[in-house]
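Q: Once you've had a glance at the structure underneath, I'll fire off some questions.
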Amino acid sequence: MNRKGFTLIELLATIILLALVVGISSYAITTLIQNSKNRNYELLISNIKDASELYYQECRYGDVSGIDCTKETDNSYKVSLGELVSYGYLKGNDTVKSENTTINGKYTIVNPKDNKNISACVIKILYSNGSVIVSAVTTTGSCPTEY
(Lines give C-alpha, C1' and ligand atoms only; values in the text may rest on other atoms or scores of the structure.)
Protein backbone atom coordinates (compact mmCIF):
# COMPACT_ATOMS: atom_id res chain seq x y z
CA MET A 1 0.00 0.00 0.00
CA ASN A 2 1.23 3.40 -0.93
CA ARG A 3 -0.57 5.71 1.51
CA LYS A 4 -0.02 9.40 1.54
CA GLY A 5 -0.93 11.52 4.59
CA PHE A 6 -0.40 11.59 8.33
CA THR A 7 -1.29 9.07 10.94
CA LEU A 8 -3.41 10.03 13.92
CA ILE A 9 -0.35 9.96 16.21
CA GLU A 10 1.57 12.33 13.94
CA LEU A 11 -1.37 14.76 13.86
CA LEU A 12 -1.75 14.65 17.67
CA ALA A 13 1.97 15.24 18.17
CA THR A 14 1.86 18.24 15.83
CA ILE A 15 -1.20 19.73 17.56
CA ILE A 16 0.36 19.25 21.01
CA LEU A 17 3.61 20.88 19.85
CA LEU A 18 1.72 23.84 18.39
CA ALA A 19 -0.34 24.19 21.60
CA LEU A 20 2.88 24.31 23.65
CA VAL A 21 4.37 26.99 21.41
CA VAL A 22 1.17 29.09 21.58
CA GLY A 23 0.94 28.68 25.37
CA ILE A 24 4.55 29.71 26.00
CA SER A 25 4.38 32.66 23.61
CA SER A 26 1.07 33.93 25.01
CA TYR A 27 2.52 33.82 28.55
CA ALA A 28 5.59 35.75 27.37
CA ILE A 29 3.45 38.37 25.62
CA THR A 30 1.18 38.76 28.66
CA THR A 31 4.23 39.25 30.88
CA LEU A 32 5.65 41.86 28.49
CA ILE A 33 2.37 43.78 28.45
CA GLN A 34 2.11 43.73 32.26
CA ASN A 35 5.71 44.90 32.66
CA SER A 36 5.06 47.71 30.19
CA LYS A 37 1.97 48.82 32.12
CA ASN A 38 3.94 48.77 35.39
CA ARG A 39 6.75 50.88 33.86
CA ASN A 40 4.20 53.36 32.46
CA TYR A 41 2.57 53.57 35.89
CA GLU A 42 5.93 54.28 37.55
CA LEU A 43 6.59 56.99 34.95
CA LEU A 44 3.16 58.48 35.61
CA ILE A 45 3.87 58.64 39.36
CA SER A 46 7.24 60.27 38.68
CA ASN A 47 5.62 62.80 36.32
CA ILE A 48 2.91 63.58 38.89
CA LYS A 49 5.58 64.19 41.55
CA ASP A 50 7.52 66.52 39.23
CA ALA A 51 4.38 68.37 38.14
CA SER A 52 3.25 68.71 41.77
CA GLU A 53 6.57 70.21 42.76
CA LEU A 54 6.37 72.76 39.94
CA TYR A 55 2.78 73.59 40.86
CA TYR A 56 3.73 74.02 44.52
CA GLN A 57 6.74 76.23 43.73
CA GLU A 58 4.70 78.47 41.43
CA CYS A 59 1.86 78.73 43.95
CA ARG A 60 4.26 79.51 46.75
CA TYR A 61 6.62 81.93 44.99
CA GLY A 62 5.32 82.82 41.56
CA ASP A 63 2.71 84.87 39.80
CA VAL A 64 0.03 82.33 39.02
CA SER A 65 -2.75 84.08 37.19
CA GLY A 66 -5.36 81.60 36.02
CA ILE A 67 -4.33 78.92 38.51
CA ASP A 68 -6.24 78.18 41.71
CA CYS A 69 -3.64 78.18 44.49
CA THR A 70 -5.83 77.95 47.56
CA LYS A 71 -3.61 77.26 50.55
CA GLU A 72 -4.96 74.88 53.18
CA THR A 73 -4.65 75.54 56.93
CA ASP A 74 -1.56 73.31 57.15
CA ASN A 75 0.17 75.35 54.37
CA SER A 76 -0.44 72.61 51.82
CA TYR A 77 -2.16 72.80 48.46
CA LYS A 78 -4.76 70.38 47.15
CA VAL A 79 -5.14 69.91 43.43
CA SER A 80 -6.71 67.29 41.19
CA LEU A 81 -4.70 65.52 38.53
CA GLY A 82 -7.10 66.94 35.95
CA GLU A 83 -6.25 70.45 37.12
CA LEU A 84 -2.54 69.69 36.74
CA VAL A 85 -3.33 68.64 33.16
CA SER A 86 -5.47 71.70 32.45
CA TYR A 87 -2.83 74.05 33.94
CA GLY A 88 -0.21 72.45 31.68
CA TYR A 89 1.90 70.75 34.37
CA LEU A 90 1.07 67.23 33.18
CA LYS A 91 0.59 65.95 29.68
CA GLY A 92 -2.78 64.30 29.30
CA ASN A 93 -3.82 61.58 26.89
CA ASP A 94 -6.87 60.57 24.94
CA THR A 95 -7.14 56.91 25.95
CA VAL A 96 -10.56 57.44 27.52
CA LYS A 97 -13.22 57.89 24.86
CA SER A 98 -16.27 59.56 26.36
CA GLU A 99 -18.11 62.85 26.44
CA ASN A 100 -15.77 64.13 29.17
CA THR A 101 -12.54 63.45 27.28
CA THR A 102 -11.23 66.97 27.76
CA ILE A 103 -10.87 69.31 30.69
CA ASN A 104 -10.56 72.99 29.69
CA GLY A 105 -9.50 71.98 26.17
CA LYS A 106 -6.83 69.52 27.32
CA TYR A 107 -6.90 65.76 27.43
CA THR A 108 -7.61 63.71 30.53
CA ILE A 109 -5.07 61.68 32.47
CA VAL A 110 -5.44 57.90 32.54
CA ASN A 111 -4.07 55.21 34.83
CA PRO A 112 -2.03 52.93 32.53
CA LYS A 113 -2.71 49.85 34.66
CA ASP A 114 -6.44 49.76 33.94
CA ASN A 115 -7.03 52.60 31.42
CA LYS A 116 -9.43 54.42 33.75
CA ASN A 117 -9.74 58.18 33.93
CA ILE A 118 -8.00 59.50 37.06
CA SER A 119 -8.46 63.22 36.37
CA ALA A 120 -10.68 63.62 39.45
CA CYS A 121 -8.06 62.15 41.82
CA VAL A 122 -6.94 64.78 44.33
CA ILE A 123 -3.44 65.06 45.78
CA LYS A 124 -2.02 67.09 48.64
CA ILE A 125 1.28 68.93 48.19
CA LEU A 126 3.21 70.03 51.28
CA TYR A 127 6.70 71.40 51.86
CA SER A 128 8.41 69.71 54.79
CA ASN A 129 12.03 69.24 55.86
CA GLY A 130 13.43 70.77 52.69
CA SER A 131 11.41 68.77 50.18
CA VAL A 132 8.00 68.70 48.59
CA ILE A 133 5.82 65.81 49.80
CA VAL A 134 2.98 64.56 47.62
CA SER A 135 0.27 62.40 49.14
CA ALA A 136 -3.05 61.04 47.95
CA VAL A 137 -6.30 62.57 49.13
CA THR A 138 -8.53 60.46 46.88
CA THR A 139 -7.72 56.79 47.49
CA THR A 140 -10.65 55.09 45.82
CA GLY A 141 -10.95 53.54 42.40
CA SER A 142 -7.94 53.79 40.09
CA CYS A 143 -6.38 56.75 41.90
CA PRO A 144 -2.69 56.30 42.69
CA THR A 145 -2.07 56.17 46.44
CA GLU A 146 1.74 56.21 46.60
CA TYR A 147 3.99 59.02 45.40
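How things are named: the first chain in the C-alpha coordinates is A, the next is B, and so on; residues count from 1 in each chain; ligands count from 1 in the order shown.
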Leaving out A:Ser135 and any residue of its chain fewer than 5 positions from it, which residues lie within 8 Å of it when counting only C-alpha atoms, given as an mmCIF file with N, CA, C and O atoms, in the first residue's frame?
A:
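Saved result, part_5.cif, follows:
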```cif
data_model
loop_
_atom_site.group_PDB
_atom_site.id
_atom_site.type_symbol
_atom_site.label_atom_id
_atom_site.label_comp_id
_atom_site.auth_asym_id
_atom_site.auth_seq_id
_atom_site.Cartn_x
_atom_site.Cartn_y
_atom_site.Cartn_z
ATOM 1 N N ILE A 123 -4.666 65.263 45.026
ATOM 2 C CA ILE A 123 -3.439 65.058 45.780
ATOM 3 C C ILE A 123 -3.187 66.260 46.674
ATOM 4 O O ILE A 123 -3.716 67.345 46.445
ATOM 5 N N LYS A 124 -2.386 66.041 47.699
ATOM 6 C CA LYS A 124 -2.017 67.092 48.638
ATOM 7 C C LYS A 124 -0.519 67.316 48.502
ATOM 8 O O LYS A 124 0.266 66.362 48.504
ATOM 9 N N ILE A 125 -0.126 68.579 48.381
ATOM 10 C CA ILE A 125 1.276 68.928 48.193
ATOM 11 C C ILE A 125 1.702 69.790 49.379
ATOM 12 O O ILE A 125 1.095 70.818 49.660
ATOM 13 N N THR A 145 -2.112 55.865 45.005
ATOM 14 C CA THR A 145 -2.069 56.174 46.438
ATOM 15 C C THR A 145 -0.649 56.387 46.940
ATOM 16 O O THR A 145 -0.471 56.901 48.030
ATOM 17 N N GLU A 146 0.353 56.018 46.167
ATOM 18 C CA GLU A 146 1.737 56.214 46.597
ATOM 19 C C GLU A 146 2.451 57.154 45.630
ATOM 20 O O GLU A 146 2.256 57.083 44.441
ATOM 21 N N TYR A 147 3.241 58.051 46.209
ATOM 22 C CA TYR A 147 3.989 59.020 45.399
ATOM 23 C C TYR A 147 5.420 59.102 45.841
ATOM 24 O O TYR A 147 5.790 58.844 46.906
#
```
Q: For A:Asp68, find every residue with an atom within 10 Å (counting only C-alpha atoms), except residues of its own chain fewer than 2 positions away, and show them as a list in words.
A: Cys59, Val64, Ser65, Gly66, Thr70, Lys71, Tyr77, Lys78, Val79, Glu83 and Tyr87 of chain A
Q: Restricting it to N, CA and C atoms, dump the selection as an mmCIF file, in the first residue's frame.
A:
```
data_model
loop_
_atom_site.group_PDB
_atom_site.id
_atom_site.type_symbol
_atom_site.label_atom_id
_atom_site.label_comp_id
_atom_site.auth_asym_id
_atom_site.auth_seq_id
_atom_site.Cartn_x
_atom_site.Cartn_y
_atom_site.Cartn_z
ATOM 1 N N CYS A 59 2.884 78.208 43.032
ATOM 2 C CA CYS A 59 1.863 78.728 43.946
ATOM 3 C C CYS A 59 2.520 79.455 45.123
ATOM 4 N N VAL A 64 0.775 83.456 39.572
ATOM 5 C CA VAL A 64 0.033 82.330 39.023
ATOM 6 C C VAL A 64 -1.361 82.737 38.560
ATOM 7 N N SER A 65 -1.442 83.675 37.680
ATOM 8 C CA SER A 65 -2.749 84.083 37.186
ATOM 9 C C SER A 65 -3.384 82.931 36.415
ATOM 10 N N GLY A 66 -4.643 82.666 36.681
ATOM 11 C CA GLY A 66 -5.361 81.600 36.018
ATOM 12 C C GLY A 66 -5.253 80.252 36.700
ATOM 13 N N THR A 70 -5.240 77.766 46.246
ATOM 14 C CA THR A 70 -5.829 77.952 47.562
ATOM 15 C C THR A 70 -5.022 77.165 48.578
ATOM 16 N N LYS A 71 -4.437 77.897 49.528
ATOM 17 C CA LYS A 71 -3.610 77.260 50.548
ATOM 18 C C LYS A 71 -4.504 76.727 51.661
ATOM 19 N N TYR A 77 -1.258 72.515 49.576
ATOM 20 C CA TYR A 77 -2.155 72.802 48.462
ATOM 21 C C TYR A 77 -2.787 71.493 48.016
ATOM 22 N N LYS A 78 -4.075 71.543 47.707
ATOM 23 C CA LYS A 78 -4.755 70.383 47.150
ATOM 24 C C LYS A 78 -5.105 70.696 45.710
ATOM 25 N N VAL A 79 -4.867 69.729 44.855
ATOM 26 C CA VAL A 79 -5.135 69.908 43.433
ATOM 27 C C VAL A 79 -5.492 68.550 42.839
ATOM 28 N N GLU A 83 -6.676 69.047 37.084
ATOM 29 C CA GLU A 83 -6.255 70.451 37.121
ATOM 30 C C GLU A 83 -4.787 70.581 36.725
ATOM 31 N N TYR A 87 -3.777 72.946 33.729
ATOM 32 C CA TYR A 87 -2.833 74.046 33.940
ATOM 33 C C TYR A 87 -1.547 73.849 33.137
#
```
Q: If we count only C-alpha atoms and set the cut-off at 8 Å, which residues sit around A:Leu126, ignoring sequence neighbours fewer than 3 positions away in its own chain? Please answer as a PyMOL selection string.
A: chain A and resi 56+75-77+132-134
Q: Can I get the selection written as a PDB file, in the first residue's frame, with N, CA, C and O atoms?
A:
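In the end it all went to again_5.pdb:
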```pdb
ATOM      1  N   TYR A  56       3.534  73.507  43.172  1.00  0.00           N
ATOM      2  CA  TYR A  56       3.735  74.024  44.519  1.00  0.00           C
ATOM      3  C   TYR A  56       4.667  75.243  44.499  1.00  0.00           C
ATOM      4  O   TYR A  56       4.379  76.263  45.128  1.00  0.00           O
ATOM      5  N   ASN A  75      -0.734  74.812  55.393  1.00  0.00           N
ATOM      6  CA  ASN A  75       0.172  75.349  54.375  1.00  0.00           C
ATOM      7  C   ASN A  75       0.388  74.398  53.202  1.00  0.00           C
ATOM      8  O   ASN A  75       1.401  74.471  52.519  1.00  0.00           O
ATOM      9  N   SER A  76      -0.527  73.499  52.978  1.00  0.00           N
ATOM     10  CA  SER A  76      -0.441  72.607  51.825  1.00  0.00           C
ATOM     11  C   SER A  76      -1.384  73.113  50.740  1.00  0.00           C
ATOM     12  O   SER A  76      -2.187  74.021  50.963  1.00  0.00           O
ATOM     13  N   TYR A  77      -1.258  72.515  49.576  1.00  0.00           N
ATOM     14  CA  TYR A  77      -2.155  72.802  48.462  1.00  0.00           C
ATOM     15  C   TYR A  77      -2.787  71.493  48.016  1.00  0.00           C
ATOM     16  O   TYR A  77      -2.115  70.462  47.967  1.00  0.00           O
ATOM     17  N   VAL A 132       9.429  68.684  48.862  1.00  0.00           N
ATOM     18  CA  VAL A 132       7.997  68.697  48.594  1.00  0.00           C
ATOM     19  C   VAL A 132       7.472  67.275  48.748  1.00  0.00           C
ATOM     20  O   VAL A 132       8.012  66.329  48.171  1.00  0.00           O
ATOM     21  N   ILE A 133       6.428  67.115  49.549  1.00  0.00           N
ATOM     22  CA  ILE A 133       5.825  65.809  49.800  1.00  0.00           C
ATOM     23  C   ILE A 133       4.462  65.770  49.122  1.00  0.00           C
ATOM     24  O   ILE A 133       3.632  66.659  49.329  1.00  0.00           O
ATOM     25  N   VAL A 134       4.246  64.744  48.325  1.00  0.00           N
ATOM     26  CA  VAL A 134       2.976  64.558  47.624  1.00  0.00           C
ATOM     27  C   VAL A 134       2.283  63.345  48.223  1.00  0.00           C
ATOM     28  O   VAL A 134       2.886  62.287  48.371  1.00  0.00           O
TER      29      VAL A 134
END
```
Q: From a DSSP pass on the backbone, collect the residues of chain A flagged as strand (DSSP E) and hand them back as a list in words.
A: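 Taking chain A and keeping strand (DSSP E) only, one gets Tyr77, Lys78, Val79, Ser80, Thr102, Ile103, Lys106, Tyr107, Val110, Asn111, Lys116, Asn117, Val122, Ile123, Lys124, Ile125, Leu126, Tyr127, Ser128, Ser131, Val132, Ile133, Val134, Ser135 and Ala136 of chain A.
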Q: Run DSSP on the backbone of this structure and report the residues of chain A it assigns to helix (DSSP H, G or I), as a PyMOL selection string.
A: chain A and resi 8-61+81-86
